[in-house]
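Below is data_27.cif, which holds mmCIF, C-alpha atoms.
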```
data_query
loop_
_atom_site.label_atom_id
_atom_site.label_comp_id
_atom_site.auth_asym_id
_atom_site.auth_seq_id
_atom_site.Cartn_x
_atom_site.Cartn_y
_atom_site.Cartn_z
CA MET A 167 -33.05 -38.52 -33.32
CA SER A 168 -33.00 -35.86 -30.65
CA ILE A 169 -31.63 -32.37 -31.12
CA VAL A 170 -28.96 -32.93 -28.46
CA ALA A 171 -27.73 -36.05 -30.25
CA ASP A 172 -27.54 -34.19 -33.59
CA ALA A 173 -25.67 -31.22 -32.09
CA PRO A 174 -21.92 -30.96 -32.76
CA PRO A 175 -19.64 -32.35 -30.05
CA THR A 176 -18.43 -28.85 -29.13
CA SER A 177 -22.00 -27.69 -28.54
CA ARG A 178 -22.71 -30.67 -26.27
CA ARG A 179 -19.57 -29.99 -24.27
CA ARG A 180 -20.41 -26.29 -23.97
CA HIS A 181 -23.97 -27.06 -22.89
CA THR A 182 -22.73 -29.54 -20.26
CA PHE A 183 -20.12 -27.08 -19.02
CA LEU A 184 -22.55 -24.20 -18.65
CA LYS A 185 -25.14 -26.34 -16.89
CA ARG A 186 -22.50 -27.73 -14.55
CA GLY A 187 -21.31 -24.24 -13.62
CA VAL A 188 -17.88 -22.66 -13.52
CA ILE A 189 -17.39 -23.45 -9.82
CA PRO A 190 -18.42 -26.94 -8.68
CA GLY A 191 -20.95 -26.81 -5.89
CA PHE A 192 -22.24 -23.37 -6.83
CA GLY A 193 -25.36 -23.69 -4.70
CA LEU A 194 -23.34 -24.50 -1.60
CA THR A 195 -20.72 -21.79 -2.14
CA PHE A 196 -23.37 -19.20 -2.99
CA GLY A 197 -25.36 -20.09 0.11
CA LEU A 198 -22.30 -19.86 2.34
CA THR A 199 -21.40 -16.49 0.83
CA ILE A 200 -24.86 -15.07 1.41
CA ALA A 201 -24.93 -16.46 4.96
CA TYR A 202 -21.51 -14.95 5.69
CA LEU A 203 -22.54 -11.54 4.37
CA ALA A 204 -25.79 -11.70 6.33
CA ILE A 205 -23.94 -12.41 9.59
CA ILE A 206 -21.07 -9.98 9.07
CA VAL A 207 -22.86 -7.09 7.32
CA LEU A 208 -26.63 -7.31 7.42
CA LEU A 209 -27.09 -8.53 10.98
CA PRO A 210 -25.13 -5.67 12.61
CA ILE A 211 -26.97 -3.12 10.44
CA LEU A 212 -30.29 -4.69 11.40
CA ALA A 213 -29.35 -4.62 15.08
CA LEU A 214 -28.40 -0.95 14.74
CA ILE A 215 -31.70 -0.08 13.08
CA LEU A 216 -33.74 -2.02 15.64
CA LYS A 217 -31.94 -0.36 18.55
CA ALA A 218 -32.52 3.08 17.06
CA ALA A 219 -36.15 2.14 16.38
CA SER A 220 -36.67 1.59 20.10
CA LEU A 221 -36.75 5.38 20.44
CA THR A 222 -39.84 7.40 19.70
CA LEU A 223 -39.61 9.85 16.85
CA PRO A 224 -39.34 12.93 19.16
CA GLU A 225 -36.64 11.18 21.21
CA TYR A 226 -34.74 10.19 18.10
CA TRP A 227 -34.93 13.70 16.67
CA ALA A 228 -33.85 15.28 19.94
CA ILE A 229 -30.71 13.10 19.97
CA VAL A 230 -29.65 13.49 16.35
CA SER A 231 -30.44 17.21 16.20
CA SER A 232 -28.84 18.27 19.47
CA PRO A 233 -26.29 21.11 19.11
CA ARG A 234 -23.45 18.80 20.13
CA ALA A 235 -24.45 16.17 17.55
CA ILE A 236 -24.82 18.75 14.79
CA ALA A 237 -21.36 20.11 15.61
CA THR A 238 -19.91 16.61 15.20
CA TYR A 239 -21.70 16.16 11.86
CA GLN A 240 -20.32 19.41 10.53
CA LEU A 241 -16.80 18.63 11.66
CA THR A 242 -16.85 15.02 10.44
CA LEU A 243 -18.40 15.71 7.04
CA SER A 244 -16.30 18.76 6.27
CA SER A 245 -13.08 17.06 7.38
CA ALA A 246 -13.89 13.96 5.34
CA LEU A 247 -14.63 16.13 2.32
CA TYR A 248 -11.35 18.03 2.63
CA ALA A 249 -9.42 14.78 3.10
CA THR A 250 -11.12 13.26 0.05
CA ILE A 251 -10.25 16.26 -2.10
CA MET A 252 -6.63 16.01 -0.97
CA ASN A 253 -6.53 12.30 -1.70
CA ALA A 254 -8.23 12.72 -5.07
CA VAL A 255 -5.47 15.04 -6.24
CA ILE A 256 -2.49 13.44 -4.53
CA GLY A 257 -3.69 9.88 -5.14
CA LEU A 258 -4.18 10.51 -8.86
CA LEU A 259 -0.72 12.08 -9.16
CA LEU A 260 0.86 9.27 -7.18
CA ALA A 261 -0.81 6.59 -9.29
CA TRP A 262 0.33 8.42 -12.45
CA VAL A 263 3.93 8.57 -11.26
CA LEU A 264 4.00 4.91 -10.22
CA VAL A 265 2.63 3.77 -13.58
CA ASN A 266 4.46 6.04 -16.02
CA TYR A 267 7.90 6.57 -14.49
CA ASP A 268 10.71 4.28 -13.44
CA PHE A 269 13.04 5.73 -10.81
CA PRO A 270 15.16 4.53 -7.89
CA GLY A 271 12.96 3.71 -4.93
CA ARG A 272 9.82 3.21 -7.01
CA ARG A 273 9.11 -0.21 -5.49
CA LEU A 274 9.61 1.23 -2.01
CA LEU A 275 7.20 4.07 -2.72
CA ASP A 276 4.69 1.62 -4.18
CA GLY A 277 4.90 -0.47 -1.01
CA LEU A 278 4.54 2.57 1.26
CA VAL A 279 1.19 3.34 -0.33
CA ASP A 280 -0.26 0.30 1.46
CA LEU A 281 1.25 1.26 4.81
CA PRO A 282 -2.00 2.79 6.15
CA PHE A 283 -3.69 -0.57 5.56
CA ALA A 284 -1.13 -2.45 7.64
CA LEU A 285 -0.52 0.19 10.31
CA PRO A 286 -2.96 0.25 13.25
CA THR A 287 -4.89 3.49 13.09
CA ALA A 288 -4.11 4.26 16.73
CA VAL A 289 -0.39 4.04 15.96
CA ALA A 290 -0.91 6.37 13.00
CA GLY A 291 -2.72 8.86 15.24
CA ILE A 292 0.05 8.80 17.83
CA ALA A 293 2.72 9.23 15.16
CA LEU A 294 0.91 12.15 13.54
CA THR A 295 0.40 13.80 16.92
CA ALA A 296 4.12 13.45 17.71
CA LEU A 297 4.91 15.14 14.40
CA LEU A 298 2.29 17.90 14.36
CA ALA A 299 1.82 18.81 18.03
CA PRO A 300 3.06 22.29 19.02
CA ASN A 301 6.19 20.66 20.48
CA GLY A 302 6.45 18.02 17.74
CA TRP A 303 9.09 17.65 15.06
CA ILE A 304 7.07 19.64 12.51
CA GLY A 305 4.60 21.45 14.75
CA GLN A 306 7.35 23.33 16.59
CA PHE A 307 8.20 25.18 13.37
CA LEU A 308 4.54 26.04 12.71
CA ALA A 309 3.64 27.20 16.22
CA PRO A 310 5.58 30.51 16.04
CA PHE A 311 3.46 31.49 13.02
CA GLY A 312 0.23 30.71 14.86
CA ILE A 313 -0.45 27.66 12.70
CA LYS A 314 -2.20 24.99 14.76
CA VAL A 315 -2.50 21.56 13.19
CA ALA A 316 -2.80 19.07 16.03
CA TYR A 317 -5.84 19.45 18.30
CA ALA A 318 -7.63 21.32 15.51
CA GLN A 319 -9.47 20.48 12.29
CA PRO A 320 -6.35 20.47 10.07
CA GLY A 321 -4.99 17.60 12.15
CA ILE A 322 -8.25 15.69 11.73
CA VAL A 323 -8.11 16.21 7.96
CA ILE A 324 -4.52 14.97 7.79
CA ALA A 325 -5.33 11.89 9.86
CA MET A 326 -8.29 11.06 7.63
CA ALA A 327 -6.25 11.64 4.49
CA PHE A 328 -3.45 9.41 5.74
CA THR A 329 -5.70 6.43 6.41
CA SER A 330 -7.74 6.72 3.19
CA LEU A 331 -5.10 7.59 0.56
CA PRO A 332 -4.54 3.98 -0.64
CA PHE A 333 -8.14 3.68 -1.83
CA VAL A 334 -7.64 6.27 -4.57
CA VAL A 335 -4.22 5.04 -5.63
CA ARG A 336 -5.11 1.35 -5.75
CA THR A 337 -8.30 1.88 -7.75
CA VAL A 338 -6.81 4.24 -10.34
CA GLN A 339 -3.42 2.53 -10.75
CA PRO A 340 -4.66 -0.71 -12.42
CA VAL A 341 -6.74 1.26 -14.93
CA LEU A 342 -3.74 3.39 -15.89
CA GLU A 343 -1.62 0.27 -16.28
CA ASP A 344 -4.19 -1.34 -18.62
CA MET A 345 -4.54 1.72 -20.86
CA GLU A 346 -3.22 1.25 -24.37
CA PRO A 347 -0.87 4.00 -25.65
CA GLU A 348 -2.52 4.15 -29.09
CA ALA A 349 -5.13 6.69 -27.99
CA GLU A 350 -2.50 9.05 -26.60
CA GLU A 351 -0.37 8.62 -29.72
CA ALA A 352 -3.37 9.44 -31.91
CA GLY A 353 -3.98 12.60 -29.93
CA ILE A 354 -0.35 13.64 -30.33
CA MET A 355 -0.48 13.03 -34.09
CA LEU A 356 -3.63 15.16 -34.32
CA GLY A 357 -1.83 18.02 -32.59
CA ALA A 358 -3.52 17.86 -29.20
CA THR A 359 -1.72 19.33 -26.23
CA ASP A 360 -0.84 17.30 -23.15
CA LEU A 361 -3.71 18.91 -21.23
CA GLN A 362 -6.19 18.07 -24.00
CA ILE A 363 -4.98 14.46 -24.14
CA PHE A 364 -5.40 14.11 -20.39
CA ALA A 365 -8.82 15.80 -20.31
CA ARG A 366 -10.33 14.05 -23.35
CA VAL A 367 -8.57 10.69 -23.48
CA ILE A 368 -7.04 9.67 -20.17
CA PHE A 369 -9.37 11.14 -17.57
CA PRO A 370 -12.64 9.84 -19.12
CA THR A 371 -11.11 6.36 -19.11
CA ILE A 372 -10.12 6.43 -15.45
CA LEU A 373 -13.16 8.41 -14.29
CA PRO A 374 -15.21 5.43 -12.95
CA ALA A 375 -12.23 4.11 -10.98
CA PHE A 376 -11.38 7.62 -9.81
CA ILE A 377 -14.91 8.18 -8.53
CA ALA A 378 -15.01 4.78 -6.85
CA GLY A 379 -11.66 5.34 -5.13
CA SER A 380 -12.65 8.81 -3.96
CA ALA A 381 -15.97 7.47 -2.63
CA LEU A 382 -14.19 4.73 -0.70
CA ALA A 383 -11.77 7.29 0.71
CA PHE A 384 -14.69 9.50 1.79
CA ALA A 385 -16.49 6.58 3.42
CA ARG A 386 -13.33 5.52 5.24
CA SER A 387 -12.81 9.08 6.45
CA LEU A 388 -16.37 9.27 7.77
CA GLY A 389 -15.85 6.21 9.93
CA GLU A 390 -12.24 6.85 10.96
CA PHE A 391 -11.76 6.76 14.72
CA GLY A 392 -8.37 5.52 15.93
CA ALA A 393 -6.17 7.92 14.01
CA VAL A 394 -8.41 10.92 14.72
CA ILE A 395 -9.01 10.79 18.46
CA PHE A 396 -5.31 11.15 19.27
CA ILE A 397 -4.79 14.25 17.17
CA ALA A 398 -8.20 15.91 17.41
CA GLY A 399 -8.17 17.04 21.02
CA ASN A 400 -11.77 15.80 21.34
CA LEU A 401 -13.22 19.06 22.64
CA PRO A 402 -17.05 19.04 22.55
CA MET A 403 -18.50 21.49 20.02
CA GLN A 404 -15.01 22.07 18.58
CA THR A 405 -12.94 19.00 17.67
CA GLU A 406 -15.27 16.11 18.50
CA ILE A 407 -16.19 13.76 15.65
CA THR A 408 -19.41 11.79 15.42
CA ALA A 409 -17.72 8.43 15.95
CA LEU A 410 -16.26 9.64 19.25
CA LEU A 411 -19.61 10.97 20.44
CA THR A 412 -21.14 7.59 19.58
CA VAL A 413 -18.49 5.82 21.67
CA ILE A 414 -19.11 8.22 24.53
CA ARG A 415 -22.82 7.37 24.48
CA VAL A 416 -21.96 3.66 24.53
CA GLU A 417 -19.68 4.16 27.52
CA GLU A 418 -22.54 5.97 29.23
CA PHE A 419 -24.75 2.91 28.51
CA GLU A 420 -27.04 5.03 26.34
CA TYR A 421 -27.23 2.42 23.60
CA PRO A 422 -30.31 3.80 21.81
CA ALA A 423 -28.68 7.24 21.63
CA ALA A 424 -25.49 5.69 20.25
CA ALA A 425 -27.51 3.76 17.68
CA ALA A 426 -29.33 6.94 16.67
CA LEU A 427 -26.07 8.78 16.04
CA ALA A 428 -24.64 5.81 14.17
CA SER A 429 -27.75 5.62 12.01
CA VAL A 430 -27.11 9.15 10.79
CA MET A 431 -23.62 8.20 9.62
CA LEU A 432 -25.01 5.02 8.09
CA ALA A 433 -27.54 7.06 6.14
CA ALA A 434 -24.76 9.39 4.97
CA ALA A 435 -22.77 6.39 3.74
CA PHE A 436 -25.77 5.02 1.83
CA VAL A 437 -26.44 8.41 0.25
CA MET A 438 -22.80 8.57 -0.84
CA LEU A 439 -22.99 5.11 -2.38
CA PHE A 440 -26.21 6.04 -4.18
CA ILE A 441 -24.61 9.18 -5.63
CA VAL A 442 -21.49 7.31 -6.73
CA ASN A 443 -23.50 4.55 -8.40
CA GLY A 444 -25.64 7.17 -10.12
CA VAL A 445 -22.59 9.00 -11.47
CA GLN A 446 -21.01 5.77 -12.68
CA LEU A 447 -24.26 4.72 -14.39
CA TRP A 448 -24.48 8.10 -16.10
CA HIS A 449 -20.88 7.80 -17.24
CA LEU A 450 -21.49 4.31 -18.62
CA ARG A 451 -24.52 5.49 -20.59
CA TYR A 452 -22.56 8.50 -21.85
CA VAL A 453 -19.71 6.29 -23.09
CA ARG A 454 -22.10 3.86 -24.77
CA GLY A 455 -23.98 6.74 -26.37
CA ASN A 456 -20.79 8.13 -27.88
CA ALA A 457 -19.42 4.72 -28.90
#
```
As structure tokens:
Amino acid sequence: MSIVADAPPTSRRRHTFLKRGVIPGFGLTFGLTIAYLAIIVLLPILALILKAASLTLPEYWAIVSSPRAIATYQLTLSSALYATIMNAVIGLLLAWVLVNYDFPGRRLLDGLVDLPFALPTAVAGIALTALLAPNGWIGQFLAPFGIKVAYAQPGIVIAMAFTSLPFVVRTVQPVLEDMEPEAEEAGIMLGATDLQIFARVIFPTILPAFIAGSALAFARSLGEFGAVIFIAGNLPMQTEITALLTVIRVEEFEYPAAAALASVMLAAAFVMLFIVNGVQLWHLRYVRGNA
């Protein structure tokens, strides 16, 4: 008698289920998924790399290292970094409030978090400019003190922060909601302060989600275009971001130059993803080592 025939009925059913697969037609669905990702993601990246590769190395270096390009890198990277730091702090606080407190208007506030996802970025840029311009609703009170927000880097930072805030909130919020209160209660019984409980119990738990949300916010800020161009002023060497310079090169029909500039931002995004994955892997090994 065969081994399969002698196996208990539950084992035969489990074996059949696993061999059949969770989703019927796995080969077809997997193939369609890979084909979709190849067309939507890999093909444009490949086209970008091939277009940039049409340049010789001296030509490529001359484009990506020109003073105007370097000025856009500095402005874009620094603004994205400042916006990410703002969102890391505000997004964490906002997620904490939404999870731990019940107050009138909580559902409205929770819905407003997703507004940047639904609002066209160009509309967001126009709205922010109307608020922060020297003659705007808020800017008119800042202008007498010499504080310039619109048409300067602070306006770029605010526009980037506005469009990327939901990434931090929506990645941290589910983790906070799933946390069990027993760990916090144990810390309180052992005499730990609120700061110690947050630093040693809560924050290590949400750290992977916090890093992932901040990385997504940074990546979104790097590629933000619509909300920024309306409030930046777009002055070369001063308030011009890399995405705008890339569009300018496309409008000038200098496609290889545009691809070269875009490849720099693509490399920055890959480096950021590599760093984030490295930090998360280190955190996972650290948690397992202390388990």
On this structure, the PyMOL selection byres ((chain A and resi 211-228) around 9) would catch which residues? List them as number ranges by chain, sorted by chain and number.
A: 207-210, 229-232, 421-429, 432
Length of the atom CA of A:Leu410 to atom CA of A:Leu388 vector [Å]
11.5 Å
Given the file shown, determine the residues that the PyMOL selection byres ((chain A and resi 337-343) around 8) selects; report them as an NGL selection string.
:A and (258 or 261-262 or 264-265 or 333-336 or 344-345 or 371-372 or 375-376 or 378-379)
Dump of C-alpha atoms for the selected residues, as a PDB file, in the frame of the given file:
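The file below, result.pdb, is the result:
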```
ATOM      1  CA  LEU A 258      -4.180  10.510  -8.860  1.00  0.00           C
ATOM      2  CA  ALA A 261      -0.810   6.590  -9.290  1.00  0.00           C
ATOM      3  CA  TRP A 262       0.330   8.420 -12.450  1.00  0.00           C
ATOM      4  CA  LEU A 264       4.000   4.910 -10.220  1.00  0.00           C
ATOM      5  CA  VAL A 265       2.630   3.770 -13.580  1.00  0.00           C
ATOM      6  CA  PHE A 333      -8.140   3.680  -1.830  1.00  0.00           C
ATOM      7  CA  VAL A 334      -7.640   6.270  -4.570  1.00  0.00           C
ATOM      8  CA  VAL A 335      -4.220   5.040  -5.630  1.00  0.00           C
ATOM      9  CA  ARG A 336      -5.110   1.350  -5.750  1.00  0.00           C
ATOM     10  CA  ASP A 344      -4.190  -1.340 -18.620  1.00  0.00           C
ATOM     11  CA  MET A 345      -4.540   1.720 -20.860  1.00  0.00           C
ATOM     12  CA  THR A 371     -11.110   6.360 -19.110  1.00  0.00           C
ATOM     13  CA  ILE A 372     -10.120   6.430 -15.450  1.00  0.00           C
ATOM     14  CA  ALA A 375     -12.230   4.110 -10.980  1.00  0.00           C
ATOM     15  CA  PHE A 376     -11.380   7.620  -9.810  1.00  0.00           C
ATOM     16  CA  ALA A 378     -15.010   4.780  -6.850  1.00  0.00           C
ATOM     17  CA  GLY A 379     -11.660   5.340  -5.130  1.00  0.00           C
TER      18      GLY A 379
END
```
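Using only C-alpha atoms, the nearest neighbour of A:Ala381 within the list A:Ile251, A:Val416, A:Glu406, A:Gly271 is A:Ile251.
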Between atom CA of A:Val394 and atom CA of A:Ile377, what distance in Å does the model show, to one decimal?
24.3 Å
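Using all atoms listed in the file, the protein and nucleic acid residues lying no more than 10 Å from stretch 436-443 of chain A, apart from those fewer than 3 places from it along its own chain, are Pro374, Ile377, Ala378, Ser380, Ala381, Leu382, Phe384, Ala385, Val430, Met431, Leu432, Ala433, Gln446, Leu447, Trp448 and His449 of chain A.
With distances restricted to all atoms listed in the file, A:Ala246 is the closest residue to A:Val323 from A:Val445, A:Met355, A:Ile256, A:Ala246.
Using only C-alpha atoms for every distance, the candidate list A:Ala352, A:Ile397, A:Ile322, A:Met403 yields A:Ile397 as the residue closest to A:Leu297.
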Name every residue that the PyMOL selection byres ((chain A and resi 409) around 8) selects in this structure, writing the answer as a PyMOL selection string with chains first and numbers rising.
chain A and resi 389-391+407-408+410-413+428
Per-axis box centre and lengths in Å around stretch 217-236 of chain A, 5 Å margin per side, axis-aligned, as AutoDock Vina command-line options:
```
--center_x -31.6 --center_y 10.4 --center_z 18.0 --size_x 26.4 --size_y 31.5 --size_z 16.4
```
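Across the structure, atom CA of A:Phe396 and atom CA of A:Thr295 are spaced 6.7 Å apart.
Counting all atoms listed in the file, the residue from A:Pro320, A:Gly399, A:Gly392, A:Gly444 that sits nearest to A:Ala288 is A:Gly392.
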Who sits within 12 Å of A:Tyr248, all atoms listed in the file, same chain under 5 positions skipped, as a PyMOL selection string:
chain A and resi 241-243+253-255+319-327+330+380+383-384+387-388
List the neighbours of A:Ala349 out to 12 Å using all atoms listed in the file; skip same-chain residues closer than 4 positions along the sequence, and give me the result as a JSON list (two decimals) with C-alpha atoms, in the coordinates of the input.
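Resulting contents of selection.json:
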```json
[["chain", "number", "residue", "atom", "x", "y", "z"],
["A", 345, "MET", "CA", -4.54, 1.72, -20.86],
["A", 353, "GLY", "CA", -3.98, 12.60, -29.93],
["A", 354, "ILE", "CA", -0.35, 13.64, -30.33],
["A", 355, "MET", "CA", -0.48, 13.03, -34.09],
["A", 356, "LEU", "CA", -3.63, 15.16, -34.32],
["A", 358, "ALA", "CA", -3.52, 17.86, -29.20],
["A", 363, "ILE", "CA", -4.98, 14.46, -24.14],
["A", 364, "PHE", "CA", -5.40, 14.11, -20.39],
["A", 366, "ARG", "CA", -10.33, 14.05, -23.35],
["A", 367, "VAL", "CA", -8.57, 10.69, -23.48],
["A", 368, "ILE", "CA", -7.04, 9.67, -20.17],
["A", 371, "THR", "CA", -11.11, 6.36, -19.11]]
```
